[in-house]
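What follows is a single structure, written as structure tokens, with notes after it.
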Amino acid sequence: MLTYDKHYYDGAWQTSTATETIAVVSSATEEAIARVPRGTAEDVDRAVKAARRGFESWRRLSVEERAQWLEKLAAAMKTRAPQIAEAIAHEVGTALGFATKVQAEFPIMMIGMNAKFIRDIKLEEELGNSIVVKEPIGVVGCVTPWNYPLHQIVCKIAPAFAAGCTVVLKPAEMAPLSAFFLAEAAHEIGLPNGVFNLVSGSGRVVGEAIVGHPEVDMVSFTGSLQAGRRIASVAGDGIKKVTLELGGKSAFVVLDDAPFDKAIPAGVNNCMQNSGQTCSAWTRMIVPRSRHDEAVELAKAQLAKLTLGDPFDKNTRLGPLASAGQRDTVLEYIEKGKNEGAQLVAGGGKPAQLPKGFYVEPTIFANVDNKMTVAQEEIFGPVLSIIPYDSDDQAIAIANDSPYGLAGGVWAGTQERAMDVAKQMRTGQVDINGGRFNVLAPFGGYKKSGIGREIGPLAVEEFFQLKSIQR
């Protein structure tokens, strides 16, 4: 049992003002693997005040000094990559190979990349008789989710540090361990006091206290739409800047001249990544009605290749879901799909061969109407809806008929045709014809998928205030 009994703020491990703890449960074994403190509003107040003190000196460091601190932090985290991957495989259910590359190594690389971003950003610009200066916004409150725990933390703290801000972080209750490893790394390198501050606990107590604290200048949140509404409301009372990444119901449009043997397997893989616990997953596959049945057969064949099992088994591609609650929610959505008339063609229940752990069979619904619940609401599990269309215009209309607009994909016979459709999709990111994820491109959404952008050099810009000095 890994036990943390203190929060981290003001450059030291600090005893919590409460004695309660949070059990961290392995999604594969259903057993507790760690405990962390259940923080209080008083813990938050102390951490925010430490961040405010730290901000006054951190903001005055040169760009080069802050960049070097980021590089030191990345190096300290790199030595912890195996430990991080193992913890996240337990917490989230991510298959260990995927956890190593995507949940550990990738976000650690992103810490170092922000050092390059800040070195390249122009902090002063002349406009007429004015000098426009970019200054750090101040103390940033970060509230992060459980599905990609370290990645989502890094998407917030690394650009904030680069810009000259200090941070108070509340990690997800279900997956807090990478945040504590990050605190250990920050302490190891001697990161200046108050720059990184960590208080674990519930959203209702710790999250609410961070968002509402008068000395927090900005809030960066990733999570559910419901929680995002609450955070925006509380932050609005204080007239604070807010960035929100609130999920998606992303569409993958396959045009009639696309190579289905490539496109359909790619769409299935994207939907099922991290057992469907991915906000940008292409959970709606929109295919020509004339080729619907062909798409279904190809999808089922690809799904059969994605082995469900123990996340620590090297042959596993899909692990369990992160919690019993998440498993039950996904199963409820599957029942809604069946009750509303969607055609269940694969999966649909708990796997009999895996009685322990929060497993759900990867599931495919065919002949889905876009008005059905499984096509409109974010399920956050391994469930794909295949939706037929009769014309390109109808395909685009279906793709845009969603309260969300985070990501998406298009596959066509030519780049030009795919690009034409991509430009008509109201979503923050679109991959065309197998385009790969780009660490330099801003990530974020339209509509109820949120406000603001993360990842890449433009993410650093979110943490600046603009000051115009006239001469």
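Scheme for the structure tokens: letters A, B, ... for chains in order shown; per-chain residue numbers from 1; ligand numbers from 1 in order shown.
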
Find the residues of range 125-201 of chain A that sit at most 12 Å from range 15-19 of chain A; for each, write down the nearest two atoms and how far apart they are in Å, to one decimal. Count only C-alpha atoms. Sort by chain, then by number going up, and give it as a Markdown table.
| residue | atom | partner | partner_atom | distance |
| --- | --- | --- | --- | --- |
| A:Leu198 | CA | A:Ser16 | CA | 11.2 |
| A:Val199 | CA | A:Ser16 | CA | 8.8 |
| A:Ser200 | CA | A:Ser16 | CA | 9.7 |
| A:Gly201 | CA | A:Ser16 | CA | 10.6 |

Spatial neighbours of range 54-63 of chain A, max dist 7 Å, only C-alpha atoms, sep filter under 4 positions, as an NGL selection string: :A and (50 or 67 or 118-119 or 136 or 138-139 or 164-166 or 193-195)

Each range 64-164 of chain A residue no farther than 10 Å from range 319-332 of chain A, nearest pair in Å, only C-alpha atoms, as CSV:
residue,atom,partner,partner_atom,distance
A:Ile88,CA,A:Ala322,CA,9.7
A:Ala89,CA,A:Gly319,CA,8.4
A:His90,CA,A:Ala322,CA,8.5
A:Glu91,CA,A:Ala322,CA,6.2
A:Val92,CA,A:Ala322,CA,4.3
A:Gly93,CA,A:Pro320,CA,4.9
A:Thr94,CA,A:Gly319,CA,5.6
A:Ala95,CA,A:Gly319,CA,5.6
A:Leu96,CA,A:Gly319,CA,9.1
A:Trp146,CA,A:Ala322,CA,8.0
A:Asn147,CA,A:Ala322,CA,7.7

Expected answer as a PyMOL selection string: strand (DSSP E) residues in range 198-239 of chain A: chain A and resi 198+218-222

Selection near Gly445 in chain A, 8 Å with only C-alpha atoms, sequence-local residues under 2 positions removed, as a PyMOL selection string: chain A and resi 245+404-407+427-429+443+447-453

Exercise: range 345-349 of chain A partners within 12 Å, only C-alpha atoms, chain neighbours under 5 positions left out, as a PyMOL selection string: chain A and resi 293+295-304+308+327-338+354-355+358-368+381-386

Close residues, Lys134 in chain A itself excluded, 12 Å, only C-alpha atoms, min 5 positions apart in chain, as a ChimeraX atom specification: /A:59,118,121-126,163-164,460-469

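If you count only C-alpha atoms and ignore residues fewer than 5 places along the chain from Ile432 in chain A, what sits within 8 Å of it is Gly409, Val410, Trp411, Ala412, Gln415, Ala418, Met419 and Ala422 of chain A.
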
Grab the residues selected above and save them as a JSON list (two decimals), in the first residue's frame with C-alpha atoms.
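The resulting out-v8.json:
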[["chain", "number", "residue", "atom", "x", "y", "z"],
["A", 409, "GLY", "CA", -12.10, 12.61, -38.39],
["A", 410, "VAL", "CA", -12.76, 12.40, -42.11],
["A", 411, "TRP", "CA", -11.56, 9.79, -44.57],
["A", 412, "ALA", "CA", -12.09, 10.25, -48.31],
["A", 415, "GLN", "CA", -7.14, 14.92, -49.48],
["A", 418, "ALA", "CA", -11.60, 15.20, -47.00],
["A", 419, "MET", "CA", -10.43, 18.78, -46.39],
["A", 422, "ALA", "CA", -13.30, 18.86, -42.39]]

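Using only C-alpha atoms, the contacts of range 32-43 of chain A at a cut-off of 7 Å, with sequence neighbours closer than 5 positions omitted, comprise Met1, Leu2, Thr3, Tyr4, Asp5, Lys6, Ser16, Thr17, Ala18, Glu20, Thr21, Ile22, Ala23, Val24, Val25, Ser26, Val199, Ser200, Gly201, Val205, Val206 and Ala209 of chain A.
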
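When CA of Ser233 in chain A is paired with CA of Glu215 in chain A, their separation reads 16.8 Å.
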
Counting only C-alpha atoms, which residues in range 105-163 of chain A sit no more than 10 Å from range 240-244 of chain A? For each one, give the nearest pair of atoms and the distance in Å, sorted by chain then residue number, as CSV.
residue,atom,partner,partner_atom,distance
A:Ile137,CA,A:Lys241,CA,9.0
A:Val140,CA,A:Lys241,CA,9.5
A:Gly141,CA,A:Val242,CA,9.5
A:Cys142,CA,A:Thr243,CA,9.7
A:Val143,CA,A:Leu244,CA,9.9
A:Lys156,CA,A:Thr243,CA,9.7
